[in-house]
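Content type PDB, C-alpha atoms, pLDDT in the B column, from the file model-v4.pdb:
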MODEL        1
ATOM      1  CA  MET A 104    -108.678 111.033-160.328  1.00 97.00           C
ATOM      2  CA  PHE A 105    -110.953 108.004-160.279  1.00 98.00           C
ATOM      3  CA  GLY A 106    -110.233 104.325-160.873  1.00 98.00           C
ATOM      4  CA  VAL A 107    -112.402 101.232-161.286  1.00 98.00           C
ATOM      5  CA  ASP A 108    -111.058  97.675-161.156  1.00 98.00           C
ATOM      6  CA  ILE A 109    -113.175  94.979-162.873  1.00 97.00           C
ATOM      7  CA  GLY A 110    -112.438  91.501-161.545  1.00 94.00           C
ATOM      8  CA  GLY A 111    -113.890  88.055-161.959  1.00 91.00           C
ATOM      9  CA  THR A 112    -115.709  88.266-158.615  1.00 92.00           C
ATOM     10  CA  GLY A 113    -116.025  91.995-157.871  1.00 96.00           C
ATOM     11  CA  ILE A 114    -116.073  95.463-159.409  1.00 98.00           C
ATOM     12  CA  LYS A 115    -114.510  98.030-157.108  1.00 98.00           C
ATOM     13  CA  GLY A 116    -113.587 101.669-157.412  1.00 98.00           C
ATOM     14  CA  ALA A 117    -112.682 104.846-155.573  1.00 98.00           C
ATOM     15  CA  PRO A 118    -111.264 108.330-156.023  1.00 98.00           C
ATOM     16  CA  VAL A 119    -107.475 108.269-155.831  1.00 98.00           C
ATOM     17  CA  ASP A 120    -104.946 110.729-154.466  1.00 98.00           C
ATOM     18  CA  LEU A 121    -102.160 110.494-157.027  1.00 97.00           C
ATOM     19  CA  ASP A 122     -99.773 112.509-154.877  1.00 97.00           C
ATOM     20  CA  ARG A 123     -99.818 109.729-152.280  1.00 95.00           C
ATOM     21  CA  GLY A 124    -100.645 106.800-154.564  1.00 96.00           C
ATOM     22  CA  ASP A 125    -103.515 105.749-152.326  1.00 96.00           C
ATOM     23  CA  LEU A 126    -107.302 105.830-152.211  1.00 97.00           C
ATOM     24  CA  ALA A 127    -108.778 109.197-151.292  1.00 97.00           C
ATOM     25  CA  ASP A 128    -111.959 107.569-149.965  1.00 97.00           C
ATOM     26  CA  GLU A 129    -113.077 104.099-148.922  1.00 97.00           C
ATOM     27  CA  ARG A 130    -113.584 101.970-152.009  1.00 97.00           C
ATOM     28  CA  TYR A 131    -117.034 100.849-153.087  1.00 98.00           C
ATOM     29  CA  LYS A 132    -117.540  97.323-154.411  1.00 98.00           C
ATOM     30  CA  VAL A 133    -120.321  95.395-156.145  1.00 98.00           C
ATOM     31  CA  ALA A 134    -120.357  91.734-157.139  1.00 98.00           C
ATOM     32  CA  THR A 135    -119.410  90.942-160.721  1.00 97.00           C
ATOM     33  CA  PRO A 136    -122.640  89.785-162.395  1.00 97.00           C
ATOM     34  CA  HIS A 137    -122.983  86.251-163.697  1.00 95.00           C
ATOM     35  CA  PRO A 138    -122.956  85.888-166.565  1.00 96.00           C
ATOM     36  CA  ALA A 139    -120.491  88.768-166.750  1.00 97.00           C
ATOM     37  CA  THR A 140    -121.731  90.095-170.095  1.00 98.00           C
ATOM     38  CA  PRO A 141    -120.527  93.476-171.330  1.00 98.00           C
ATOM     39  CA  GLU A 142    -123.924  95.076-170.691  1.00 98.00           C
ATOM     40  CA  ALA A 143    -124.201  93.704-167.146  1.00 98.00           C
ATOM     41  CA  VAL A 144    -120.634  94.613-166.175  1.00 98.00           C
ATOM     42  CA  VAL A 145    -121.001  98.118-167.575  1.00 98.00           C
ATOM     43  CA  GLU A 146    -124.027  98.609-165.311  1.00 98.00           C
ATOM     44  CA  GLY A 147    -121.923  97.440-162.356  1.00 98.00           C
ATOM     45  CA  VAL A 148    -119.247  99.984-163.235  1.00 98.00           C
ATOM     46  CA  ALA A 149    -121.927 102.685-163.507  1.00 98.00           C
ATOM     47  CA  GLU A 150    -123.145 101.805-160.006  1.00 98.00           C
ATOM     48  CA  VAL A 151    -119.638 102.135-158.570  1.00 98.00           C
ATOM     49  CA  VAL A 152    -119.014 105.483-160.279  1.00 98.00           C
ATOM     50  CA  GLY A 153    -122.494 106.717-159.371  1.00 98.00           C
ATOM     51  CA  HIS A 154    -121.914 105.886-155.703  1.00 98.00           C
ATOM     52  CA  PHE A 155    -119.346 108.684-155.582  1.00 98.00           C
ATOM     53  CA  GLY A 156    -121.099 111.001-158.029  1.00 96.00           C
ATOM     54  CA  HIS A 157    -117.806 111.313-159.869  1.00 96.00           C
ATOM     55  CA  GLN A 158    -117.491 113.731-162.765  1.00 96.00           C
ATOM     56  CA  GLY A 159    -114.362 113.658-164.913  1.00 97.00           C
ATOM     57  CA  PRO A 160    -111.919 111.165-166.450  1.00 98.00           C
ATOM     58  CA  ILE A 161    -112.202 107.533-165.328  1.00 98.00           C
ATOM     59  CA  GLY A 162    -109.654 104.734-165.600  1.00 98.00           C
ATOM     60  CA  ILE A 163    -111.136 101.242-165.813  1.00 98.00           C
ATOM     61  CA  THR A 164    -109.269  97.937-165.694  1.00 98.00           C
ATOM     62  CA  PHE A 165    -110.357  94.713-167.386  1.00 98.00           C
ATOM     63  CA  PRO A 166    -109.235  91.122-166.653  1.00 96.00           C
ATOM     64  CA  GLY A 167    -107.904  90.385-170.116  1.00 96.00           C
ATOM     65  CA  VAL A 168    -106.028  91.766-173.092  1.00 97.00           C
ATOM     66  CA  VAL A 169    -107.036  95.333-174.014  1.00 98.00           C
ATOM     67  CA  MET A 170    -105.806  96.964-177.218  1.00 98.00           C
ATOM     68  CA  ASP A 171    -106.854 100.513-178.053  1.00 97.00           C
ATOM     69  CA  GLY A 172    -109.927 100.188-175.836  1.00 98.00           C
ATOM     70  CA  VAL A 173    -111.055  96.881-177.380  1.00 98.00           C
ATOM     71  CA  THR A 174    -111.104  93.754-175.187  1.00 98.00           C
ATOM     72  CA  ARG A 175    -109.455  90.814-176.968  1.00 98.00           C
ATOM     73  CA  THR A 176    -109.697  88.005-174.416  1.00 97.00           C
ATOM     74  CA  ALA A 177    -112.167  87.046-171.674  1.00 94.00           C
ATOM     75  CA  ALA A 178    -110.909  84.194-169.514  1.00 88.00           C
ATOM     76  CA  ASN A 179    -112.908  84.996-166.355  1.00 91.00           C
ATOM     77  CA  VAL A 180    -115.832  86.974-167.786  1.00 96.00           C
ATOM     78  CA  ASP A 181    -118.416  86.296-170.498  1.00 97.00           C
ATOM     79  CA  ARG A 182    -116.952  85.525-173.921  1.00 97.00           C
ATOM     80  CA  HIS A 183    -119.087  88.248-175.517  1.00 97.00           C
ATOM     81  CA  TRP A 184    -116.366  90.638-174.315  1.00 98.00           C
ATOM     82  CA  ILE A 185    -114.033  89.336-177.033  1.00 98.00           C
ATOM     83  CA  GLY A 186    -113.847  92.000-179.732  1.00 98.00           C
ATOM     84  CA  THR A 187    -115.996  94.483-177.777  1.00 98.00           C
ATOM     85  CA  ASP A 188    -115.113  98.172-177.907  1.00 98.00           C
ATOM     86  CA  ALA A 189    -115.197  98.513-174.130  1.00 98.00           C
ATOM     87  CA  ARG A 190    -114.022 102.095-174.155  1.00 98.00           C
ATOM     88  CA  ALA A 191    -116.886 103.158-176.447  1.00 98.00           C
ATOM     89  CA  MET A 192    -119.486 101.261-174.374  1.00 98.00           C
ATOM     90  CA  LEU A 193    -118.289 102.679-171.079  1.00 98.00           C
ATOM     91  CA  THR A 194    -117.890 106.204-172.419  1.00 98.00           C
ATOM     92  CA  ALA A 195    -121.456 106.152-173.748  1.00 98.00           C
ATOM     93  CA  ARG A 196    -122.901 104.774-170.489  1.00 98.00           C
ATOM     94  CA  LEU A 197    -120.913 106.942-168.065  1.00 98.00           C
ATOM     95  CA  GLY A 198    -120.872 110.149-170.099  1.00 98.00           C
ATOM     96  CA  GLN A 199    -117.274 110.789-169.013  1.00 97.00           C
ATOM     97  CA  PRO A 200    -113.870 110.374-170.704  1.00 98.00           C
ATOM     98  CA  VAL A 201    -112.765 106.757-170.186  1.00 98.00           C
ATOM     99  CA  VAL A 202    -109.564 104.751-170.610  1.00 98.00           C
ATOM    100  CA  VAL A 203    -109.607 100.937-170.414  1.00 98.00           C
ATOM    101  CA  LEU A 204    -106.521  98.838-169.702  1.00 98.00           C
ATOM    102  CA  ASN A 205    -105.473  95.387-168.552  1.00 98.00           C
ATOM    103  CA  ASP A 206    -105.995  94.952-164.813  1.00 97.00           C
ATOM    104  CA  ALA A 207    -102.582  93.496-163.990  1.00 97.00           C
ATOM    105  CA  ASP A 208    -100.840  96.130-166.105  1.00 98.00           C
ATOM    106  CA  ALA A 209    -102.626  98.837-164.107  1.00 98.00           C
ATOM    107  CA  ALA A 210    -101.722  97.192-160.800  1.00 98.00           C
ATOM    108  CA  GLY A 211     -98.118  96.778-161.898  1.00 97.00           C
ATOM    109  CA  VAL A 212     -97.710 100.406-162.936  1.00 98.00           C
ATOM    110  CA  ALA A 213     -99.092 101.520-159.575  1.00 98.00           C
ATOM    111  CA  GLU A 214     -96.799  99.161-157.668  1.00 97.00           C
ATOM    112  CA  MET A 215     -93.744 100.240-159.663  1.00 97.00           C
ATOM    113  CA  THR A 216     -94.588 103.900-159.015  1.00 97.00           C
ATOM    114  CA  PHE A 217     -95.759 103.883-155.410  1.00 97.00           C
ATOM    115  CA  GLY A 218     -94.954 100.397-154.054  1.00 96.00           C
ATOM    116  CA  VAL A 219     -92.071  97.945-153.893  1.00 94.00           C
ATOM    117  CA  GLY A 220     -90.880  98.851-157.401  1.00 92.00           C
ATOM    118  CA  ARG A 221     -90.477 102.525-156.537  1.00 92.00           C
ATOM    119  CA  GLY A 222     -87.037 103.745-157.598  1.00 86.00           C
ATOM    120  CA  ARG A 223     -86.168 100.432-159.220  1.00 83.00           C
ATOM    121  CA  GLY A 224     -85.051 101.440-162.703  1.00 75.00           C
ATOM    122  CA  GLY A 225     -83.063  98.458-163.942  1.00 87.00           C
ATOM    123  CA  GLY A 226     -83.670  94.779-164.569  1.00 95.00           C
ATOM    124  CA  THR A 227     -86.812  92.731-165.107  1.00 97.00           C
ATOM    125  CA  VAL A 228     -89.664  92.822-162.595  1.00 97.00           C
ATOM    126  CA  ILE A 229     -92.717  90.577-162.898  1.00 98.00           C
ATOM    127  CA  MET A 230     -95.844  91.347-160.896  1.00 97.00           C
ATOM    128  CA  LEU A 231     -98.444  88.604-160.602  1.00 98.00           C
ATOM    129  CA  THR A 232    -101.940  89.415-159.382  1.00 97.00           C
ATOM    130  CA  LEU A 233    -103.488  86.368-157.742  1.00 96.00           C
ATOM    131  CA  GLY A 234    -107.266  86.146-157.505  1.00 93.00           C
ATOM    132  CA  THR A 235    -109.981  84.592-159.649  1.00 92.00           C
ATOM    133  CA  GLY A 236    -107.203  84.099-162.204  1.00 94.00           C
ATOM    134  CA  ILE A 237    -103.549  85.092-162.462  1.00 96.00           C
ATOM    135  CA  GLY A 238    -102.716  88.400-164.092  1.00 96.00           C
ATOM    136  CA  SER A 239     -99.207  89.507-164.978  1.00 98.00           C
ATOM    137  CA  ALA A 240     -97.318  92.729-165.570  1.00 98.00           C
ATOM    138  CA  VAL A 241     -93.775  92.580-166.909  1.00 98.00           C
ATOM    139  CA  PHE A 242     -91.374  95.519-166.597  1.00 97.00           C
ATOM    140  CA  VAL A 243     -87.990  95.741-168.307  1.00 96.00           C
ATOM    141  CA  ASP A 244     -85.824  98.594-167.031  1.00 95.00           C
ATOM    142  CA  GLY A 245     -88.955 100.197-165.614  1.00 95.00           C
ATOM    143  CA  LYS A 246     -90.961 100.004-168.855  1.00 96.00           C
ATOM    144  CA  LEU A 247     -94.144  97.951-169.108  1.00 97.00           C
ATOM    145  CA  VAL A 248     -94.516  95.157-171.666  1.00 97.00           C
ATOM    146  CA  PRO A 249     -98.345  95.253-171.936  1.00 97.00           C
ATOM    147  CA  ASN A 250    -100.877  92.418-172.061  1.00 97.00           C
ATOM    148  CA  THR A 251     -98.520  89.558-171.207  1.00 97.00           C
ATOM    149  CA  GLU A 252    -101.165  87.240-169.655  1.00 94.00           C
ATOM    150  CA  LEU A 253     -98.656  84.838-168.107  1.00 97.00           C
ATOM    151  CA  GLY A 254    -101.412  83.233-166.067  1.00 96.00           C
ATOM    152  CA  HIS A 255    -102.320  81.260-169.168  1.00 95.00           C
ATOM    153  CA  LEU A 256     -98.959  79.547-169.547  1.00 96.00           C
ATOM    154  CA  GLU A 257     -99.331  75.770-169.626  1.00 93.00           C
ATOM    155  CA  LEU A 258     -98.163  74.086-166.443  1.00 87.00           C
ATOM    156  CA  HIS A 259     -98.285  70.296-166.102  1.00 86.00           C
ATOM    157  CA  GLY A 260    -100.879  70.101-168.862  1.00 91.00           C
ATOM    158  CA  HIS A 261    -103.150  72.786-167.385  1.00 90.00           C
ATOM    159  CA  ASP A 262    -103.725  76.507-167.775  1.00 93.00           C
ATOM    160  CA  ALA A 263    -101.524  77.765-164.932  1.00 96.00           C
ATOM    161  CA  GLU A 264    -104.240  79.871-163.315  1.00 95.00           C
ATOM    162  CA  LYS A 265    -106.501  76.806-163.051  1.00 95.00           C
ATOM    163  CA  ARG A 266    -103.896  75.301-160.736  1.00 94.00           C
ATOM    164  CA  ALA A 267    -102.279  78.195-158.906  1.00 96.00           C
ATOM    165  CA  SER A 268    -104.862  80.998-158.564  1.00 96.00           C
ATOM    166  CA  VAL A 269    -106.579  81.917-155.313  1.00 96.00           C
ATOM    167  CA  LYS A 270    -109.813  80.585-156.814  1.00 95.00           C
ATOM    168  CA  ALA A 271    -108.144  77.185-157.326  1.00 96.00           C
ATOM    169  CA  ARG A 272    -106.967  77.158-153.711  1.00 97.00           C
ATOM    170  CA  GLU A 273    -110.436  77.941-152.427  1.00 97.00           C
ATOM    171  CA  GLU A 274    -112.326  75.573-154.732  1.00 97.00           C
ATOM    172  CA  GLU A 275    -110.008  72.663-153.984  1.00 97.00           C
ATOM    173  CA  GLU A 276    -109.769  73.582-150.286  1.00 97.00           C
ATOM    174  CA  LEU A 277    -105.975  73.466-150.402  1.00 97.00           C
ATOM    175  CA  SER A 278    -103.895  74.281-147.364  1.00 98.00           C
ATOM    176  CA  TRP A 279    -101.686  77.351-147.627  1.00 98.00           C
ATOM    177  CA  GLU A 280     -98.616  75.100-147.786  1.00 97.00           C
ATOM    178  CA  HIS A 281    -100.045  72.897-150.548  1.00 97.00           C
ATOM    179  CA  TRP A 282    -101.109  75.914-152.567  1.00 97.00           C
ATOM    180  CA  ALA A 283     -97.712  77.547-152.063  1.00 98.00           C
ATOM    181  CA  HIS A 284     -96.097  74.420-153.485  1.00 97.00           C
ATOM    182  CA  ARG A 285     -98.189  74.814-156.642  1.00 96.00           C
ATOM    183  CA  LEU A 286     -97.476  78.536-156.793  1.00 97.00           C
ATOM    184  CA  GLY A 287     -93.773  77.849-156.419  1.00 97.00           C
ATOM    185  CA  LYS A 288     -93.852  75.446-159.381  1.00 97.00           C
ATOM    186  CA  TYR A 289     -95.540  78.148-161.447  1.00 97.00           C
ATOM    187  CA  LEU A 290     -93.042  80.825-160.381  1.00 98.00           C
ATOM    188  CA  ALA A 291     -90.156  78.504-161.223  1.00 98.00           C
ATOM    189  CA  HIS A 292     -91.661  77.990-164.704  1.00 97.00           C
ATOM    190  CA  VAL A 293     -91.992  81.740-165.260  1.00 98.00           C
ATOM    191  CA  GLU A 294     -88.472  82.268-163.954  1.00 98.00           C
ATOM    192  CA  MET A 295     -87.108  79.697-166.399  1.00 97.00           C
ATOM    193  CA  LEU A 296     -88.711  81.599-169.284  1.00 97.00           C
ATOM    194  CA  PHE A 297     -87.981  85.212-168.271  1.00 97.00           C
ATOM    195  CA  SER A 298     -85.197  85.249-165.630  1.00 97.00           C
ATOM    196  CA  PRO A 299     -86.675  88.154-163.644  1.00 97.00           C
ATOM    197  CA  ASP A 300     -84.747  90.014-160.973  1.00 97.00           C
ATOM    198  CA  LEU A 301     -87.845  90.281-158.775  1.00 97.00           C
ATOM    199  CA  PHE A 302     -91.324  88.768-158.423  1.00 98.00           C
ATOM    200  CA  VAL A 303     -94.062  90.890-156.846  1.00 97.00           C
ATOM    201  CA  VAL A 304     -97.171  89.036-155.669  1.00 97.00           C
ATOM    202  CA  GLY A 305    -100.312  91.170-155.682  1.00 96.00           C
ATOM    203  CA  GLY A 306    -104.057  90.812-155.287  1.00 92.00           C
ATOM    204  CA  GLY A 307    -106.005  90.516-152.064  1.00 89.00           C
ATOM    205  CA  VAL A 308    -104.011  87.459-151.006  1.00 94.00           C
ATOM    206  CA  SER A 309    -100.894  89.643-150.655  1.00 94.00           C
ATOM    207  CA  ARG A 310    -102.325  90.722-147.283  1.00 94.00           C
ATOM    208  CA  LYS A 311    -101.708  87.136-146.124  1.00 96.00           C
ATOM    209  CA  ALA A 312     -98.222  86.750-147.598  1.00 96.00           C
ATOM    210  CA  ASP A 313     -96.832  85.357-144.345  1.00 96.00           C
ATOM    211  CA  ARG A 314     -99.107  82.327-144.751  1.00 97.00           C
ATOM    212  CA  PHE A 315     -97.663  81.160-148.061  1.00 98.00           C
ATOM    213  CA  LEU A 316     -94.425  82.936-149.037  1.00 97.00           C
ATOM    214  CA  PRO A 317     -92.345  80.953-146.488  1.00 97.00           C
ATOM    215  CA  TYR A 318     -93.311  77.788-148.374  1.00 97.00           C
ATOM    216  CA  ILE A 319     -92.178  79.045-151.806  1.00 97.00           C
ATOM    217  CA  HIS A 320     -89.072  77.098-152.813  1.00 94.00           C
ATOM    218  CA  GLY A 321     -87.062  76.503-155.969  1.00 95.00           C
ATOM    219  CA  VAL A 322     -87.151  80.129-157.123  1.00 98.00           C
ATOM    220  CA  SER A 323     -83.937  82.145-157.310  1.00 97.00           C
ATOM    221  CA  ALA A 324     -85.438  85.636-157.659  1.00 97.00           C
ATOM    222  CA  PRO A 325     -86.805  87.325-154.535  1.00 97.00           C
ATOM    223  CA  VAL A 326     -90.589  86.979-154.136  1.00 97.00           C
ATOM    224  CA  VAL A 327     -92.182  89.875-152.238  1.00 97.00           C
ATOM    225  CA  PRO A 328     -95.778  90.957-151.531  1.00 97.00           C
ATOM    226  CA  ALA A 329     -97.197  94.065-153.168  1.00 96.00           C
ATOM    227  CA  GLU A 330     -97.351  97.104-150.913  1.00 96.00           C
ATOM    228  CA  LEU A 331    -100.570  98.440-152.441  1.00 95.00           C
ATOM    229  CA  GLN A 332    -102.191  95.010-152.110  1.00 92.00           C
ATOM    230  CA  ASN A 333    -105.661  94.829-153.675  1.00 90.00           C
ATOM    231  CA  ASN A 334    -105.909  98.602-154.249  1.00 95.00           C
ATOM    232  CA  ALA A 335    -103.156  98.598-156.874  1.00 96.00           C
ATOM    233  CA  GLY A 336    -105.550  98.157-159.805  1.00 97.00           C
ATOM    234  CA  ILE A 337    -107.687 101.116-158.756  1.00 98.00           C
ATOM    235  CA  VAL A 338    -104.618 103.323-158.305  1.00 98.00           C
ATOM    236  CA  GLY A 339    -103.170 102.271-161.658  1.00 98.00           C
ATOM    237  CA  ALA A 340    -106.487 102.895-163.383  1.00 98.00           C
ATOM    238  CA  ALA A 341    -106.601 106.406-161.923  1.00 98.00           C
ATOM    239  CA  MET A 342    -103.029 106.997-163.099  1.00 98.00           C
ATOM    240  CA  ALA A 343    -104.122 106.140-166.647  1.00 98.00           C
ATOM    241  CA  ALA A 344    -107.143 108.451-166.337  1.00 98.00           C
ATOM    242  CA  ALA A 345    -104.825 111.308-165.385  1.00 98.00           C
ATOM    243  CA  LYS A 346    -103.290 111.099-168.850  1.00 97.00           C
ATOM    244  CA  LEU A 347    -106.600 111.694-170.659  1.00 95.00           C
TER     245      LEU A 347
ENDMDL
END
Mind turning this structure into structure tokens?
Amino acid sequence: MFGVDIGGTGIKGAPVDLDRGDLADERYKVATPHPATPEAVVEGVAEVVGHFGHQGPIGITFPGVVMDGVTRTAANVDRHWIGTDARAMLTARLGQPVVVLNDADAAGVAEMTFGVGRGRGGGTVIMLTLGTGIGSAVFVDGKLVPNTELGHLELHGHDAEKRASVKAREEEELSWEHWAHRLGKYLAHVEMLFSPDLFVVGGGVSRKADRFLPYIHGVSAPVVPAELQNNAGIVGAAMAAAKL
């Protein structure tokens, strides 16, 4: 199966071995165009798929709400995505069967199947993907509650992802400890609302968990890094493609 993960800064994809829950080949990545219009992003996806010469079903993630293949929000891409039938556009351009889903939902499903959530059937698990924004995937007794978008909760008068995303850390040149303090405030806010049994922190920054997790305080639920790290979205996209 094949998965593509559209992000605010990059579009990456690879064939996936769904028996192992891992990439079957080294992923290929192109920069997300700016402005990230539907037409420009679709061409980026086509380049990634074309790099591998893939033929067959393709799972594609999107950084926003996706309902029946239509993108409903566009926080970190061009606003022309709102109301766009992404599945129809991508199917027409790629000439292959396509499924489109929220990026954090895809990453969460992969992590619950092959990562730290494996075998965890009960309770509430919240995965947060930290990058250009903050994506979220909420699981109750192993079942996904889709399109939660908890990165847009208000925190101290701001959209939470504007304060606690990796992009915010980089743009404001925050130390790991200072950023972890902000992230901890956000996690405590989410915990107050949802009382999860476990937080899973994903995205590329999960590779550096030892630099910030020790500074997370004021959160009762365990906070652990994702095992699949930044490949989770690609794996989850491929899992969705397997159902086509």
Contact table range 172-262 of chain A vs range 147-151 of chain A, cut-off 9 Å, shortest pair per residue, only C-alpha atoms, as CSV:
residue,atom,partner,partner_atom,distance
A:Leu193,CA,A:Val148,CA,8.3
A:Arg196,CA,A:Ala149,CA,7.4
A:Leu197,CA,A:Ala149,CA,6.3
Residues within 12 Å of Gly245 in chain A, only C-alpha atoms, excluding chain neighbours under 4 positions, as a PyMOL selection string = chain A and resi 211-216+220-229+240-241+300
Report as JSON, numbers by chain the residues that result from applying the PyMOL selection byres ((chain A and resi 316) around 10) to the structure here.
-> {"A": [279, 280, 283, 284, 286, 287, 304, 309, 311, 312, 313, 314, 315, 317, 318, 319, 320, 326, 327, 328]}
Taking the point (-114.4, 91.5, -168.0) as given in the file, collect each protein or nucleic acid residue that comes within 6 Å of it, counting only C-alpha atoms, and present the set as a list in words.
->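 Taken together, the residues in range are Phe165, Pro166 and Val180 of chain A.
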Give me the result of the PyMOL selection byres ((chain A and resi 159-164) around 8) on this file, residue by residue, as number ranges by chain.
-> A: 104-109, 157-158, 165-166, 199-206, 209, 336-337, 339-345, 347
The centre and edge lengths of an axis-aligned box containing all atoms of range 236-248 of chain A present in the file, extended by 3 Å on each side, are to be given in Å to one decimal, as JSON.
{"center_x": -96.5, "center_y": 92.1, "center_z": -166.9, "size_x": 27.4, "size_y": 22.1, "size_z": 15.5}
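A straight line drawn from CA of Asn179 in chain A to CA of Gly321 in chain A is 29.1 Å long.
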Contacts of Thr135 in chain A within 7 Å, all atoms listed in the file, excl. fewer than 2 positions in-chain, as a PyMOL selection string | chain A and resi 111-114+133+137+139+144
Output for the residues just chosen: C-alpha atoms as a PDB file, keeping the file's coordinate frame:
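result-v4.pdb, freshly written:
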ATOM      1  CA  GLY A 111    -113.890  88.055-161.959  1.00 91.00           C
ATOM      2  CA  THR A 112    -115.709  88.266-158.615  1.00 92.00           C
ATOM      3  CA  GLY A 113    -116.025  91.995-157.871  1.00 96.00           C
ATOM      4  CA  ILE A 114    -116.073  95.463-159.409  1.00 98.00           C
ATOM      5  CA  VAL A 133    -120.321  95.395-156.145  1.00 98.00           C
ATOM      6  CA  HIS A 137    -122.983  86.251-163.697  1.00 95.00           C
ATOM      7  CA  ALA A 139    -120.491  88.768-166.750  1.00 97.00           C
ATOM      8  CA  VAL A 144    -120.634  94.613-166.175  1.00 98.00           C
TER       9      VAL A 144
END
Skipping near chain neighbours, those fewer than 2 positions away, what residues fall within 9 Å of range 250-266 of chain A using all atoms listed in the file, listed as a PyMOL selection string?
-> chain A and resi 167-170+204-205+207-208+231+233+235-241+248+268-272+282+285-286+288-289+292-293
Point-to-point distance from CA of Ala177 in chain A to CA of Glu275 in chain A, Å rounded to tenths | 22.9 Å
Of the residues A:Ala178, A:Ala210, A:Ala143, A:Leu277, which is the one nearest to Asn333 in chain A, using all atoms listed in the file?
->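 Comparing A:Ala178, A:Ala210, A:Ala143, A:Leu277 against Asn333 in chain A, the winner is A:Ala210.
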Calculate how many Å separate CA of Val119 in chain A from CA of Asp244 in chain A, rounding to one decimal.
->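 Computed distance, CA of Val119 in chain A to CA of Asp244 in chain A, equals 26.2 Å.
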Can you work out which one of A:Glu330, A:Glu142, A:Asp171, A:Asp122 has the shortest atom-to-atom distance to Pro249 in chain A, counting only C-alpha atoms?
-> A:Asp171
